[in-house]
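Engineer: Take a look at my_file19.cif, mmCIF, C-alpha atoms and all ligand atoms:
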data_start
#
loop_
_atom_site.label_atom_id
_atom_site.label_comp_id
_atom_site.auth_asym_id
_atom_site.auth_seq_id
_atom_site.Cartn_x
_atom_site.Cartn_y
_atom_site.Cartn_z
CA MET K 1 0.04 12.50 13.22
CA ARG K 2 -1.57 9.69 15.21
CA THR K 3 -2.65 7.24 12.49
CA LEU K 4 -1.70 6.64 8.86
CA MET K 5 -4.31 5.50 6.36
CA THR K 6 -4.52 8.20 3.68
CA ALA K 7 -2.45 10.91 1.98
CA HIS K 8 -4.42 13.43 4.04
CA ASP K 9 -2.86 12.02 7.24
CA LEU K 10 0.56 13.21 6.00
CA GLY K 11 -0.60 16.81 5.64
CA ASP K 12 1.29 18.76 2.95
CA LEU K 13 2.48 15.94 0.66
CA ASN K 14 5.26 17.96 -0.90
CA LYS K 15 6.65 18.65 2.57
CA ALA K 16 6.36 14.96 3.43
CA VAL K 17 8.33 13.99 0.30
CA GLN K 18 11.04 16.57 1.08
CA GLU K 19 11.22 15.21 4.64
CA ALA K 20 11.54 11.67 3.25
CA LEU K 21 14.42 12.73 1.00
CA GLU K 22 16.15 14.21 4.09
CA VAL K 23 15.56 10.96 5.97
CA LYS K 24 17.04 9.05 3.03
CA LYS K 25 20.26 11.10 3.23
CA ASN K 26 20.52 10.65 7.00
CA ARG K 27 18.60 7.50 7.87
CA TYR K 28 20.49 6.87 11.14
CA GLY K 29 20.27 10.49 12.24
CA TYR K 30 17.06 10.12 14.27
CA LYS K 31 18.05 7.18 16.50
CA HIS K 32 17.41 9.14 19.69
CA LEU K 33 13.66 9.35 18.87
CA GLY K 34 13.07 5.62 19.26
CA GLU K 35 15.19 4.90 22.32
CA ASN K 36 13.34 2.50 24.64
CA LYS K 37 10.32 2.57 22.32
CA THR K 38 8.90 -0.61 20.84
CA LEU K 39 7.39 -1.01 17.38
CA LEU K 40 5.01 -3.94 16.90
CA CYS K 41 4.31 -5.06 13.33
CA VAL K 42 1.26 -7.34 13.20
CA PHE K 43 0.77 -9.42 10.06
CA PHE K 44 -2.49 -11.22 9.25
CA ASN K 45 -1.20 -11.77 5.68
CA ASN K 46 2.05 -12.57 3.86
CA SER K 47 4.69 -9.96 3.18
CA LEU K 48 8.28 -9.64 2.03
CA ARG K 49 8.87 -5.90 1.51
CA THR K 50 6.64 -4.48 4.23
CA ARG K 51 7.98 -6.89 6.83
CA LEU K 52 11.65 -6.13 6.10
CA SER K 53 11.39 -2.41 5.33
CA THR K 54 9.20 -1.53 8.33
CA GLN K 55 11.37 -3.53 10.72
CA LYS K 56 14.46 -1.85 9.24
CA ALA K 57 12.83 1.58 9.56
CA GLY K 58 12.11 0.94 13.24
CA MET K 59 15.71 -0.16 13.81
CA ASN K 60 17.05 2.93 11.96
CA LEU K 61 15.06 5.01 14.45
CA GLY K 62 16.58 3.18 17.43
CA MET K 63 13.38 1.27 18.27
CA ASN K 64 13.01 -2.27 19.46
CA THR K 65 10.95 -3.99 16.78
CA ILE K 66 8.73 -7.03 17.23
CA VAL K 67 7.15 -8.76 14.23
CA LEU K 68 4.14 -10.96 14.91
CA ASP K 69 2.66 -13.30 12.32
CA VAL K 70 -0.77 -13.81 13.79
CA ASN K 71 -1.41 -16.94 11.75
CA GLN K 72 1.86 -18.61 12.66
CA GLY K 73 2.18 -19.37 16.33
CA ALA K 74 -0.39 -17.03 17.88
CA TRP K 75 -3.94 -18.14 18.68
CA LYS K 76 -6.44 -18.07 15.85
CA LEU K 77 -8.41 -14.84 16.30
CA GLU K 78 -12.14 -14.18 16.11
CA THR K 79 -12.84 -10.70 14.75
CA GLU K 80 -16.67 -10.47 14.81
CA ARG K 81 -18.28 -9.35 18.04
CA GLY K 82 -21.19 -11.42 19.34
CA VAL K 83 -20.04 -14.74 17.89
CA ILE K 84 -20.38 -17.88 20.08
CA MET K 85 -16.77 -18.99 19.98
CA ASP K 86 -17.28 -22.75 19.72
CA GLY K 87 -15.24 -23.12 16.51
CA ASP K 88 -11.52 -23.16 15.77
CA LYS K 89 -10.80 -19.61 17.01
CA SER K 90 -9.35 -19.54 20.54
CA GLU K 91 -9.10 -15.81 21.21
CA HIS K 92 -10.99 -12.64 20.34
CA LEU K 93 -9.34 -9.64 18.74
CA LEU K 94 -10.95 -7.48 21.44
CA GLU K 95 -8.69 -9.09 24.07
CA ALA K 96 -5.73 -9.63 21.76
CA ILE K 97 -5.42 -5.95 20.77
CA PRO K 98 -5.05 -4.49 24.29
CA VAL K 99 -2.70 -7.34 25.21
CA MET K 100 -0.50 -6.62 22.17
CA ALA K 101 -0.66 -2.91 23.01
CA SER K 102 0.69 -3.58 26.53
CA PHE K 103 4.05 -4.48 25.02
CA CYS K 104 4.59 -1.72 22.49
CA ASP K 105 4.35 1.99 21.74
CA ILE K 106 3.44 2.04 18.03
CA ILE K 107 1.58 -0.60 15.99
CA GLY K 108 1.66 -1.38 12.26
CA VAL K 109 -1.08 -3.66 10.94
CA ARG K 110 -1.34 -5.72 7.76
CA SER K 111 -4.84 -7.04 7.27
CA PHE K 112 -6.06 -7.48 3.68
CA ALA K 113 -9.60 -7.19 2.38
CA ARG K 114 -11.44 -10.47 2.90
CA PHE K 115 -14.03 -9.99 0.13
CA GLU K 116 -16.73 -11.54 2.33
CA ASN K 117 -18.50 -8.30 3.16
CA LYS K 118 -17.78 -5.07 1.28
CA ALA K 119 -18.91 -2.85 4.16
CA PHE K 120 -16.68 -4.75 6.65
CA ASP K 121 -13.72 -4.19 4.30
CA TYR K 122 -14.45 -0.58 3.29
CA GLU K 123 -15.13 0.51 6.88
CA GLU K 124 -11.59 -0.71 7.68
CA THR K 125 -13.10 -2.69 10.54
CA ILE K 126 -9.91 -4.46 11.64
CA LEU K 127 -7.61 -1.42 11.46
CA ASN K 128 -10.18 0.74 13.25
CA GLN K 129 -10.44 -1.82 16.03
CA PHE K 130 -6.67 -1.55 16.50
CA ILE K 131 -6.97 2.26 16.61
CA LYS K 132 -9.85 2.14 19.07
CA TYR K 133 -8.74 -0.62 21.45
CA SER K 134 -4.94 -0.28 21.47
CA GLY K 135 -4.76 3.36 22.54
CA LYS K 136 -1.53 3.58 20.52
CA PRO K 137 -0.54 5.29 17.27
CA VAL K 138 -1.44 2.83 14.48
CA PHE K 139 -0.43 2.74 10.83
CA SER K 140 -1.64 0.63 7.93
CA MET K 141 0.90 -1.79 6.43
CA GLU K 142 -1.80 -2.57 3.80
CA SER K 143 -5.17 -2.87 5.36
CA ALA K 144 -8.50 -3.69 3.69
CA THR K 145 -8.68 -0.63 1.42
CA VAL K 146 -5.37 1.25 1.60
CA HIS K 147 -1.59 0.79 1.37
CA PRO K 148 -0.24 4.25 2.21
CA LEU K 149 3.39 3.23 2.89
CA GLN K 150 3.50 1.86 -0.65
CA ALA K 151 1.93 4.94 -2.26
CA PHE K 152 4.24 7.22 -0.28
CA ALA K 153 7.28 5.21 -1.46
CA ASP K 154 5.90 5.40 -5.02
CA LEU K 155 5.59 9.17 -4.79
CA ILE K 156 9.16 9.49 -3.44
CA THR K 157 10.36 7.33 -6.35
CA ILE K 158 8.51 9.48 -8.90
CA GLU K 159 10.00 12.61 -7.34
CA GLU K 160 13.51 11.13 -7.65
CA HIS K 161 13.11 10.05 -11.27
CA LYS K 162 10.90 12.68 -12.89
CA LYS K 163 12.40 14.76 -15.71
CA VAL K 164 9.65 17.38 -15.93
CA ALA K 165 7.94 19.36 -13.17
CA ARG K 166 4.55 17.75 -13.82
CA PRO K 167 5.02 14.23 -15.23
CA LYS K 168 2.23 12.15 -16.76
CA VAL K 169 1.55 9.16 -14.49
CA VAL K 170 -0.66 6.31 -15.69
CA LEU K 171 -2.15 3.72 -13.34
CA THR K 172 -3.03 0.70 -15.45
CA TRP K 173 -4.89 -2.46 -14.52
CA ALA K 174 -3.19 -5.67 -15.75
CA PRO K 175 -4.28 -9.32 -15.66
CA HIS K 176 -3.63 -11.70 -12.75
CA PRO K 177 -4.87 -15.24 -11.98
CA ARG K 178 -6.12 -14.51 -8.43
CA ALA K 179 -8.48 -11.92 -6.99
CA LEU K 180 -6.43 -9.11 -5.43
CA PRO K 181 -7.48 -6.20 -3.17
CA GLN K 182 -8.00 -2.63 -4.38
CA ALA K 183 -5.76 -1.25 -1.60
CA VAL K 184 -2.70 -0.51 -3.76
CA PRO K 185 -4.54 1.28 -6.60
CA ASN K 186 -6.79 3.07 -4.07
CA SER K 187 -3.81 4.56 -2.22
CA PHE K 188 -1.88 5.24 -5.42
CA ALA K 189 -4.85 7.25 -6.74
CA ASP K 190 -5.28 8.96 -3.35
CA PHE K 191 -1.63 10.11 -3.37
CA MET K 192 -1.43 10.99 -7.10
CA ASN K 193 -4.54 13.15 -6.79
CA GLU K 194 -2.69 15.25 -4.20
CA ALA K 195 0.64 15.30 -6.07
CA ASN K 196 1.79 17.60 -8.87
CA VAL K 197 1.28 15.04 -11.67
CA ASP K 198 -0.97 14.60 -14.69
CA PHE K 199 -2.78 11.47 -13.49
CA VAL K 200 -4.70 9.02 -15.71
CA ILE K 201 -6.27 5.69 -14.74
CA THR K 202 -6.92 2.96 -17.29
CA HIS K 203 -8.74 -0.35 -16.81
CA PRO K 204 -11.33 -2.55 -18.52
CA LYS K 205 -14.95 -1.55 -17.97
CA GLY K 206 -16.24 -2.90 -14.66
CA TYR K 207 -12.98 -2.25 -12.76
CA GLU K 208 -13.97 1.26 -11.60
CA LEU K 209 -12.49 2.03 -8.18
CA ASP K 210 -14.15 3.77 -5.23
CA GLU K 211 -14.79 7.44 -6.04
CA LYS K 212 -13.50 8.28 -2.54
CA PHE K 213 -10.01 7.59 -3.92
CA VAL K 214 -10.48 8.38 -7.64
CA ARG K 215 -11.96 11.81 -6.86
CA GLY K 216 -12.71 12.73 -10.46
CA ALA K 217 -9.29 11.69 -11.87
CA LYS K 218 -9.32 11.03 -15.62
CA VAL K 219 -10.35 7.45 -16.49
CA GLU K 220 -9.46 6.34 -20.05
CA TYR K 221 -10.79 2.89 -21.02
CA ASP K 222 -8.44 2.57 -24.03
CA GLN K 223 -5.11 1.48 -22.50
CA ASP K 224 -3.07 2.42 -25.61
CA LYS K 225 -4.51 5.91 -25.57
CA ALA K 226 -3.85 6.28 -21.84
CA LEU K 227 -0.20 5.22 -22.24
CA GLU K 228 0.53 7.84 -24.93
CA GLY K 229 3.21 10.19 -23.66
CA ALA K 230 3.33 8.63 -20.16
CA ASP K 231 6.42 9.39 -18.08
CA PHE K 232 5.54 6.70 -15.51
CA VAL K 233 3.51 3.53 -16.03
CA TYR K 234 2.25 2.08 -12.75
CA ALA K 235 0.82 -1.39 -13.35
CA LYS K 236 -1.32 -3.27 -10.85
CA ASN K 237 -4.03 -5.86 -10.86
CA TRP K 238 -7.12 -5.45 -8.71
CA SER K 239 -10.42 -7.24 -8.44
CA ALA K 240 -13.74 -5.54 -9.11
CA TYR K 241 -14.92 -2.96 -6.58
CA GLN K 242 -18.38 -2.29 -8.01
CA ASP K 243 -21.43 -4.35 -7.07
CA PRO K 244 -22.47 -7.06 -7.78
CA ASN K 245 -18.91 -8.21 -8.61
CA TYR K 246 -17.07 -6.95 -5.50
CA GLY K 247 -13.85 -8.96 -4.99
CA GLN K 248 -14.26 -10.92 -8.21
CA ILE K 249 -12.17 -11.33 -11.35
CA ILE K 250 -14.16 -10.12 -14.34
CA SER K 251 -11.34 -10.08 -16.92
CA LYS K 252 -8.05 -11.85 -17.52
CA ASP K 253 -7.48 -10.08 -20.82
CA MET K 254 -3.79 -10.58 -21.67
CA ASN K 255 -3.93 -7.64 -24.08
CA TRP K 256 -3.51 -5.49 -20.94
CA THR K 257 -0.08 -6.99 -20.03
CA ILE K 258 2.62 -4.29 -20.09
CA SER K 259 4.96 -5.25 -22.94
CA THR K 260 7.74 -3.55 -24.90
CA GLU K 261 5.13 -2.61 -27.53
CA LYS K 262 2.97 -0.94 -24.86
CA MET K 263 5.96 0.91 -23.39
CA ALA K 264 6.84 2.15 -26.91
CA LEU K 265 3.66 4.28 -26.73
CA THR K 266 5.04 6.21 -23.75
CA ASN K 267 7.47 9.09 -23.43
CA ASN K 268 10.38 6.70 -22.74
CA GLY K 269 8.30 5.97 -19.63
CA LYS K 270 9.53 4.35 -16.45
CA PHE K 271 7.85 1.12 -15.35
CA MET K 272 6.63 0.79 -11.75
CA HIS K 273 4.97 -1.97 -9.72
CA CYS K 274 4.70 -2.41 -5.96
CA LEU K 275 5.77 -6.10 -6.13
CA PRO K 276 5.25 -9.00 -5.75
CA VAL K 277 4.60 -9.21 -9.48
CA ARG K 278 3.67 -12.12 -11.73
CA ARG K 279 5.92 -11.90 -14.78
CA ASN K 280 4.29 -12.30 -18.19
CA MET K 281 0.87 -11.70 -16.63
CA ILE K 282 1.27 -8.10 -15.37
CA VAL K 283 4.52 -7.27 -17.21
CA THR K 284 6.83 -9.03 -19.64
CA ASP K 285 10.35 -10.11 -18.66
CA ASP K 286 11.78 -7.57 -21.12
CA VAL K 287 10.04 -4.58 -19.55
CA ILE K 288 10.69 -5.47 -15.91
CA GLU K 289 14.36 -6.15 -16.70
CA SER K 290 14.77 -3.01 -18.82
CA ALA K 291 16.78 0.06 -17.83
CA ASN K 292 13.43 1.88 -17.45
CA SER K 293 12.17 -0.45 -14.73
CA LEU K 294 12.07 1.17 -11.27
CA VAL K 295 10.73 -1.80 -9.30
CA ILE K 296 13.87 -2.32 -7.19
CA PRO K 297 14.54 1.33 -6.18
CA GLU K 298 10.78 1.64 -5.61
CA ALA K 299 10.85 -1.30 -3.17
CA ALA K 300 13.98 0.10 -1.50
CA ASN K 301 12.10 3.35 -0.85
CA ARG K 302 9.71 1.43 1.38
CA GLU K 303 12.33 1.76 4.12
CA ILE K 304 12.25 5.53 3.64
CA SER K 305 8.46 5.92 3.57
CA ALA K 306 8.17 3.77 6.71
CA GLU K 307 10.96 5.61 8.51
CA THR K 308 9.44 9.01 7.71
CA VAL K 309 6.03 7.92 8.98
CA ILE K 310 7.30 6.25 12.17
CA LYS K 311 9.57 9.26 12.81
CA ARG K 312 6.50 11.52 12.72
CA LEU K 313 4.54 9.17 14.97
CA LEU K 314 7.40 9.26 17.49
CA GLU K 315 7.76 13.06 17.27
CA ASP K 316 4.04 13.76 17.56
CA ASN K 317 3.00 11.28 20.27
CA PHE K 318 5.85 10.97 22.78
C1 LIG K 401 -1.19 -7.93 -2.56
C2 LIG K 401 -2.19 -6.95 -3.16
O1 LIG K 401 -2.39 -6.96 -4.37
O2 LIG K 401 -2.81 -6.20 -2.42
C3 LIG K 401 -0.06 -7.19 -1.90
C4 LIG K 401 0.61 -6.15 -2.73
C5 LIG K 401 1.55 -5.30 -1.97
N1 LIG K 401 -0.64 -8.78 -3.59
C6 LIG K 401 -0.81 -10.10 -3.61
O3 LIG K 401 -1.50 -10.64 -2.78
C7 LIG K 401 -0.13 -10.88 -4.70
N1 LIG K 402 4.72 -4.10 -1.88
C1 LIG K 402 4.48 -4.77 -0.73
O1 LIG K 402 3.80 -4.30 0.18
O2 LIG K 402 5.07 -6.00 -0.69
P1 LIG K 402 4.86 -7.10 0.44
O3 LIG K 402 3.45 -7.62 0.28
O4 LIG K 402 5.89 -8.15 0.13
O5 LIG K 402 5.06 -6.49 1.78
#
Can you turn what I pasted into structure tokens?
Structural biologist:
Amino acid sequence: MRTLMTAHDLGDLNKAVQEALEVKKNRYGYKHLGENKTLLCVFFNNSLRTRLSTQKAGMNLGMNTIVLDVNQGAWKLETERGVIMDGDKSEHLLEAIPVMASFCDIIGVRSFARFENKAFDYEETILNQFIKYSGKPVFSMESATVHPLQAFADLITIEEHKKVARPKVVLTWAPHPRALPQAVPNSFADFMNEANVDFVITHPKGYELDEKFVRGAKVEYDQDKALEGADFVYAKNWSAYQDPNYGQIISKDMNWTISTEKMALTNNGKFMHCLPVRRNMIVTDDVIESANSLVIPEAANREISAETVIKRLLEDNF
């Protein structure tokens, strides 16, 4: 493995999950792999979980880990080629990337969708520039269209908590006051489509995701119907993907909030969310605080998904 963007990059997903469960049992057992290697985590956007879990994963593997918040202390970066740089941006990404790469061996990048240009976002322009101009193994820490470390942690969590061989997993849209990327639901669908689960997506009309990730998965527009018999309910807000509403909020329908009544439709289902979550928009206090809420162990598994991925990058490239 050289880069991580999709489930495909992990190869056999079942093997990857088994490897992750081994890593979880012995998370300090691979320290020799990272000796004298440096992990650079570059953040263009905010983060709590990804920042802490990826840094921790690097340290578990014996790496030196540097975290750079590009917007706090570094020069403001231009990302478009050909621009006359007479504005507020002092440096171009095309110089910044090779400079950053001079000081590290592996690079993680967080760079959200900007919603200014759908093609710029969906071509993963920023992440691909890191891949092309750094010459280093690069992984997404949520880039414009994907969040594979999250989806991998979600899959590990489902594996740990499932009670039947092939659980029913429902990805449901829920309301939110601000326009959010499609990266988390895209990657969740990408991973669930490759996993041994009965996968259903539910959202209001107009919130259809990119078919590249949905790949023919069942879409049920009636949320109550979708939730019937669910073993796992994975809530997430996202903004519209389809034109002409790309990046826009087209519904704030509070009937989609995951409540105790909604969870009563499920098969004593577990509640999941990647966090950060807005309580009483996405999910009620009662549900997120219930015994069936997995949000904390799910977040804790981010250390494990990151460690498994960085371990493979170390094994395969050095
Ligand atoms: C981001 C998103 O929805 O993509 C990060 C989630 C991991 N969420 C927010 O910006 C609130
Ligand atoms: N779930 C997740 O990626 O959280 P952060 O945005 O806090 O890193």
Engineer: Using all atoms listed in the file, which residue out of K:Arg178, K:Lys218, K:Arg110, K:Arg279 lies closest to ligand LIG 402 (chain K)?
Structural biologist: K:Arg110
Engineer: Applying 6 Å and all atoms listed in the file, which residues near Lys270 of chain K remain after dropping the ones on its own chain fewer than 4 positions away? List them as a list in words.
Structural biologist: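 Everything that qualifies: Phe232, Asn292 and Ser293 of chain K.
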Engineer: With C-alpha atoms retained, could you export that selection as a PDB file, in the frame of the given file?
Structural biologist:
ATOM      1  CA  PHE K 232       5.540   6.700 -15.510  1.00  0.00           C
ATOM      2  CA  ASN K 292      13.430   1.880 -17.450  1.00  0.00           C
ATOM      3  CA  SER K 293      12.170  -0.450 -14.730  1.00  0.00           C
TER       4      SER K 293
END
Engineer: Pick from K:Leu10, K:Val287, K:Ala189, K:Cys41: nearest to ligand LIG 402 (chain K), with only C-alpha atoms and all ligand atoms counted?
Structural biologist: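 Going through K:Leu10, K:Val287, K:Ala189, K:Cys41 one by one, the smallest distance to ligand LIG 402 (chain K) is for K:Cys41.
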Engineer: Looking at only C-alpha atoms, which of K:Tyr241, K:Phe120, K:Phe199, K:Phe318 is the one that sits closest to Arg166 of chain K?
Structural biologist: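 Looking at the shortest contact to Arg166 of chain K, the residue is K:Phe199.
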Engineer: Do you know which residues are at most 7 Å from Ala230 of chain K counting all atoms listed in the file, after dropping those on the same chain fewer than 5 positions away, and could you put them as JSON, numbers by chain?
Structural biologist: {"K": [168, 169, 170, 266, 267, 269]}
Engineer: Pick the closest to ligand LIG 402 (chain K) from K:Pro175, K:Pro148, K:Gly135, K:Gly82: which is it, counting all atoms listed in the file?
Structural biologist: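 Looking only at the distances to ligand LIG 402 (chain K), the closest residue turns out to be K:Pro148.
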Engineer: Once you count only C-alpha atoms and all ligand atoms, which residues end up within 8 Å of ligand LIG 401 (chain K), and could you hand them over as a list of chain:residue names?
Structural biologist: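 Listing the residues within 8 Å of ligand LIG 401 (chain K) gives K:Asn46, K:Ser47, K:Phe112, K:Glu142, K:His147, K:Gln150, K:Arg178, K:Leu180, K:Pro181, K:Gln182, K:Ala183, K:Val184, K:Lys236, K:Asn237, K:Trp238, K:Cys274, K:Leu275, K:Pro276, K:Val277.
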Engineer: Take atom CA of Ala195 of chain K and atom CA of Leu48 of chain K and report the distance between them in Å, one decimal.
Structural biologist: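 Spanning atom CA of Ala195 of chain K to atom CA of Leu48 of chain K is a straight-line distance of 27.3 Å.
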